[in-house]
Amino acid sequence: MKDYMRANISLLWDPFCDNITPESFRTDSQQEKAQGKSDYFLDSANSVHFFTEPGVSFDKKNRVAILSGVEGNSGATTTTSDVSRTLNKIGHGLHLPTGKDGPGGVNPFHEYTTSGRIRNLLHEIGYVDPVCPQSMYIFKQPEIGGAVTSHQDSTFLYTTPRQTCVGLWLALDDATEKNGCLWIRPGSHREPVRRKFVRNPKYFEEGQEDASKMVFENEEIYDEKNVTTIEWEGSIPGKGDRNSLLDAEFVPVPVNAGTVVVFPGTADHLSLPNHSGKQRHTFQLHCVEGPGGGVEWSTKNW
């Protein structure tokens with residue numbers, strides 16, 4: 001997968017083209033503003049779109065990327081001609097058969113997603129009619145790979161009458177605490193969904209063109225159960241360091257390349273910045289139960 005991605009980035013993405021305006025991906029307090037108004041983000045649900053780290057811009061005249069205020073860059077402004085090094089992720093339809101084929105006409109992401117191993121794994125954990133609505137390739141670039149704040153995947157992939165999102169997190173490199181491995185809060189998968197990222201009725205129903213297309217809304221079930229608000233929702237606990245995460249009862253999940261980490265969409269998880277000199281590539285699937293299992297995809301999802 002890494003070889004395929006490396007070989008095809010330049011074929012699929014040229015940030016210096018006049019008709020391309022590169023967009024960054026955020027998970028912090030500016031996420032709703034950044035992704036909520038972006039057609040490029042919304043249209044990525046069934047396409048292959050490219051997202052840079054925040055703080056990246058492009059000098060089209062000189063064909064270089066400018067890194068200003070990028071995580072781990074010590075506030076310095078630097079440039080690079082290797083634009084692939086600026087990428088945060090590629091998503092969200094890599095698994096679809098219409099994706100770019102590799103050598104021999106094979107799309108490794110589609111092959112992996114539809115493989116017997118993935119199908120059997122999902123059946124073994126109780127899925128009757130599993131569906132894969134989303135896939136993404138995460139780069140976690142050396143030195144500048146930003147943090148992914150605390151979140152639940154079901155916030156973005158909501159199903160009814162119950163939550164069925166499950167994440168399949170495939171490590172393509174060894175993931176360690178130094179290069180930004182997963183951190184998960186044990187037991188949090190039993191908690192209700194805290195908020196949903198939904199289609200904004202002000203835009204889609206009332207026709208307010210200046211309104212965000214997607215907004216976060218608190219989940220009523222969460223409020224009804226009087227669960228204490230998670231103070232770090234959309235951020236990192238405490239000072240954002242290892243000790244703060246441990247104090248908040250998160251645990252690191254270092255894994256070797258080739259390992260698949262499987263966890264429910266209600267599990268609270270995050271990752272810290274990659275300040276090391278080693279990349280931490282992953283390919284991630286988000287699957288849900290389908291209609292054959294008595295579950296419906298929320299019409300409010302993006």
# chains A, B, ... in the order shown; residues from 1 in each chain; ligands from 1
$ closest_atom_pairs --of "stretch 163-191 of chain A" --to "stretch 132-139 of chain A" --cutoff "12 Å" --atoms "only C-alpha atoms" --output "JSON lines"
{"residue": "A:Thr164", "atom": "CA", "partner": "A:Cys132", "partner_atom": "CA", "distance": 11.4}
{"residue": "A:Cys165", "atom": "CA", "partner": "A:Cys132", "partner_atom": "CA", "distance": 9.4}
{"residue": "A:Val166", "atom": "CA", "partner": "A:Cys132", "partner_atom": "CA", "distance": 9.6}
{"residue": "A:Gly167", "atom": "CA", "partner": "A:Ser135", "partner_atom": "CA", "distance": 9.7}
{"residue": "A:Leu168", "atom": "CA", "partner": "A:Ser135", "partner_atom": "CA", "distance": 9.5}
{"residue": "A:Trp169", "atom": "CA", "partner": "A:Met136", "partner_atom": "CA", "distance": 9.8}
{"residue": "A:Leu170", "atom": "CA", "partner": "A:Tyr137", "partner_atom": "CA", "distance": 9.6}
{"residue": "A:Ala171", "atom": "CA", "partner": "A:Ile138", "partner_atom": "CA", "distance": 9.8}
{"residue": "A:Leu172", "atom": "CA", "partner": "A:Ile138", "partner_atom": "CA", "distance": 9.7}
{"residue": "A:Asp173", "atom": "CA", "partner": "A:Phe139", "partner_atom": "CA", "distance": 10.0}
{"residue": "A:Ala175", "atom": "CA", "partner": "A:Phe139", "partner_atom": "CA", "distance": 11.6}
{"residue": "A:Asn179", "atom": "CA", "partner": "A:Phe139", "partner_atom": "CA", "distance": 10.9}
{"residue": "A:Gly180", "atom": "CA", "partner": "A:Phe139", "partner_atom": "CA", "distance": 10.7}
{"residue": "A:Cys181", "atom": "CA", "partner": "A:Ile138", "partner_atom": "CA", "distance": 11.8}
$ write_last_selection --atoms "C-alpha atoms" --output "short mmCIF file (atom, residue, chain, number, x, y, z; two decimals), in the first residue's frame"
data_model
loop_
_atom_site.label_atom_id
_atom_site.label_comp_id
_atom_site.auth_asym_id
_atom_site.auth_seq_id
_atom_site.Cartn_x
_atom_site.Cartn_y
_atom_site.Cartn_z
CA THR A 164 -22.52 0.26 14.84
CA CYS A 165 -19.46 2.10 13.53
CA VAL A 166 -16.25 0.13 13.96
CA GLY A 167 -12.75 1.29 13.10
CA LEU A 168 -10.17 -0.99 11.48
CA TRP A 169 -6.84 0.75 11.95
CA LEU A 170 -4.09 -0.94 9.90
CA ALA A 171 -0.54 0.06 10.86
CA LEU A 172 1.66 0.33 7.76
CA ASP A 173 4.64 1.34 9.90
CA ALA A 175 3.45 2.84 15.61
CA ASN A 179 5.88 8.75 16.25
CA GLY A 180 2.28 9.27 17.37
CA CYS A 181 0.59 5.94 18.09
#
$ select_by_dssp --residues "stretch 123-271 of chain A" --states "strand (DSSP E or B)" --output "PyMOL selection string"
chain A and resi 130-138+145+148-151+159-160+166-171+175+182-184+195-199+214-218+251-253+255+260-264+269-271
$ residues_around --residues "A:Cys17" --least-positions-apart "5" --cutoff "10 Å" --atoms "only C-alpha atoms" --output "list of chain:residue names"
A:Pro22, A:Lys60, A:Arg63
$ write_last_selection --atoms "all heavy atoms" --output "PDB file, in the first residue's frame"
ATOM      1  N   PRO A  22      -5.617  23.669  -2.527  1.00  0.00           N
ATOM      2  CA  PRO A  22      -5.380  22.651  -1.497  1.00  0.00           C
ATOM      3  C   PRO A  22      -6.052  23.023  -0.177  1.00  0.00           C
ATOM      4  O   PRO A  22      -6.112  24.202   0.205  1.00  0.00           O
ATOM      5  CB  PRO A  22      -3.855  22.644  -1.364  1.00  0.00           C
ATOM      6  CG  PRO A  22      -3.367  23.161  -2.672  1.00  0.00           C
ATOM      7  CD  PRO A  22      -4.372  24.198  -3.084  1.00  0.00           C
ATOM      8  N   LYS A  60       2.803  28.579  -6.087  1.00  0.00           N
ATOM      9  CA  LYS A  60       2.634  27.934  -7.391  1.00  0.00           C
ATOM     10  C   LYS A  60       3.676  28.399  -8.401  1.00  0.00           C
ATOM     11  O   LYS A  60       4.057  27.641  -9.292  1.00  0.00           O
ATOM     12  CB  LYS A  60       1.221  28.190  -7.906  1.00  0.00           C
ATOM     13  CG  LYS A  60       0.148  27.513  -7.056  1.00  0.00           C
ATOM     14  CD  LYS A  60      -1.224  27.602  -7.690  1.00  0.00           C
ATOM     15  CE  LYS A  60      -2.245  26.859  -6.847  1.00  0.00           C
ATOM     16  NZ  LYS A  60      -3.588  26.838  -7.461  1.00  0.00           N
ATOM     17  N   ARG A  63       6.744  26.534  -7.299  1.00  0.00           N
ATOM     18  CA  ARG A  63       6.430  25.113  -7.098  1.00  0.00           C
ATOM     19  C   ARG A  63       7.066  24.553  -5.826  1.00  0.00           C
ATOM     20  O   ARG A  63       7.761  23.528  -5.851  1.00  0.00           O
ATOM     21  CB  ARG A  63       6.841  24.289  -8.327  1.00  0.00           C
ATOM     22  CG  ARG A  63       6.095  24.672  -9.592  1.00  0.00           C
ATOM     23  CD  ARG A  63       6.378  23.714 -10.736  1.00  0.00           C
ATOM     24  NE  ARG A  63       5.877  22.364 -10.463  1.00  0.00           N
ATOM     25  CZ  ARG A  63       4.618  21.969 -10.666  1.00  0.00           C
ATOM     26  NH1 ARG A  63       3.723  22.820 -11.117  1.00  0.00           N
ATOM     27  NH2 ARG A  63       4.254  20.725 -10.408  1.00  0.00           N
TER      28      ARG A  63
END
$ closest_atom_pairs --of "stretch 193-259 of chain A" --to "stretch 146-155 of chain A" --cutoff "8 Å" --atoms "only C-alpha atoms" --output "CSV"
residue,atom,partner,partner_atom,distance
A:Val193,CA,A:Thr155,CA,6.6
A:Arg194,CA,A:Thr155,CA,7.4
A:Arg195,CA,A:Thr155,CA,5.7
A:Lys196,CA,A:Thr155,CA,4.3
A:Phe197,CA,A:Thr155,CA,5.8
A:Trp232,CA,A:Ser150,CA,6.7
A:Glu233,CA,A:Ser150,CA,5.7
A:Gly234,CA,A:Ser150,CA,5.3
A:Ser235,CA,A:Thr149,CA,4.7
A:Ile236,CA,A:Thr149,CA,5.4
$ residues_around --residues "stretch 44-55 of chain A" --least-positions-apart "6" --cutoff "10 Å" --atoms "only C-alpha atoms" --output "ChimeraX atom specification"
/A:9,12-15,22-27,66-71,77,83-96,98-100,133-141,144-146,302
$ select_by_dssp --residues "stretch 4-163 of chain A" --states "helix (DSSP H, G or I)" --output "PyMOL selection string"
chain A and resi 4-12+31-36+39-46+83-86+103-105+108-113+116-124+153-155
$ residues_around --residues "A:Asp174" --least-positions-apart "2" --cutoff "8 Å" --atoms "only C-alpha atoms" --output "list in words"
Ala171, Leu172, Thr176, Pro254, Val255, Asn256, Ala257 and Arg280 of chain A
$ atom_distance --atom1 "atom CA of A:Glu124" --atom2 "atom CA of A:Phe263"
13.7 Å
$ residues_around --residues "A:Tyr203" --least-positions-apart "5" --cutoff "12 Å" --atoms "only C-alpha atoms" --output "ChimeraX atom specification"
/A:36-37,198,208-215
$ closest_residue --among "A:Pro264, A:Gly238, A:Gly126, A:Pro273" --to "A:Glu143" --atoms "only C-alpha atoms"
A:Pro273
$ atom_distance --atom1 "atom CA of A:Gln163" --atom2 "atom CA of A:Gly292"
15.0 Å
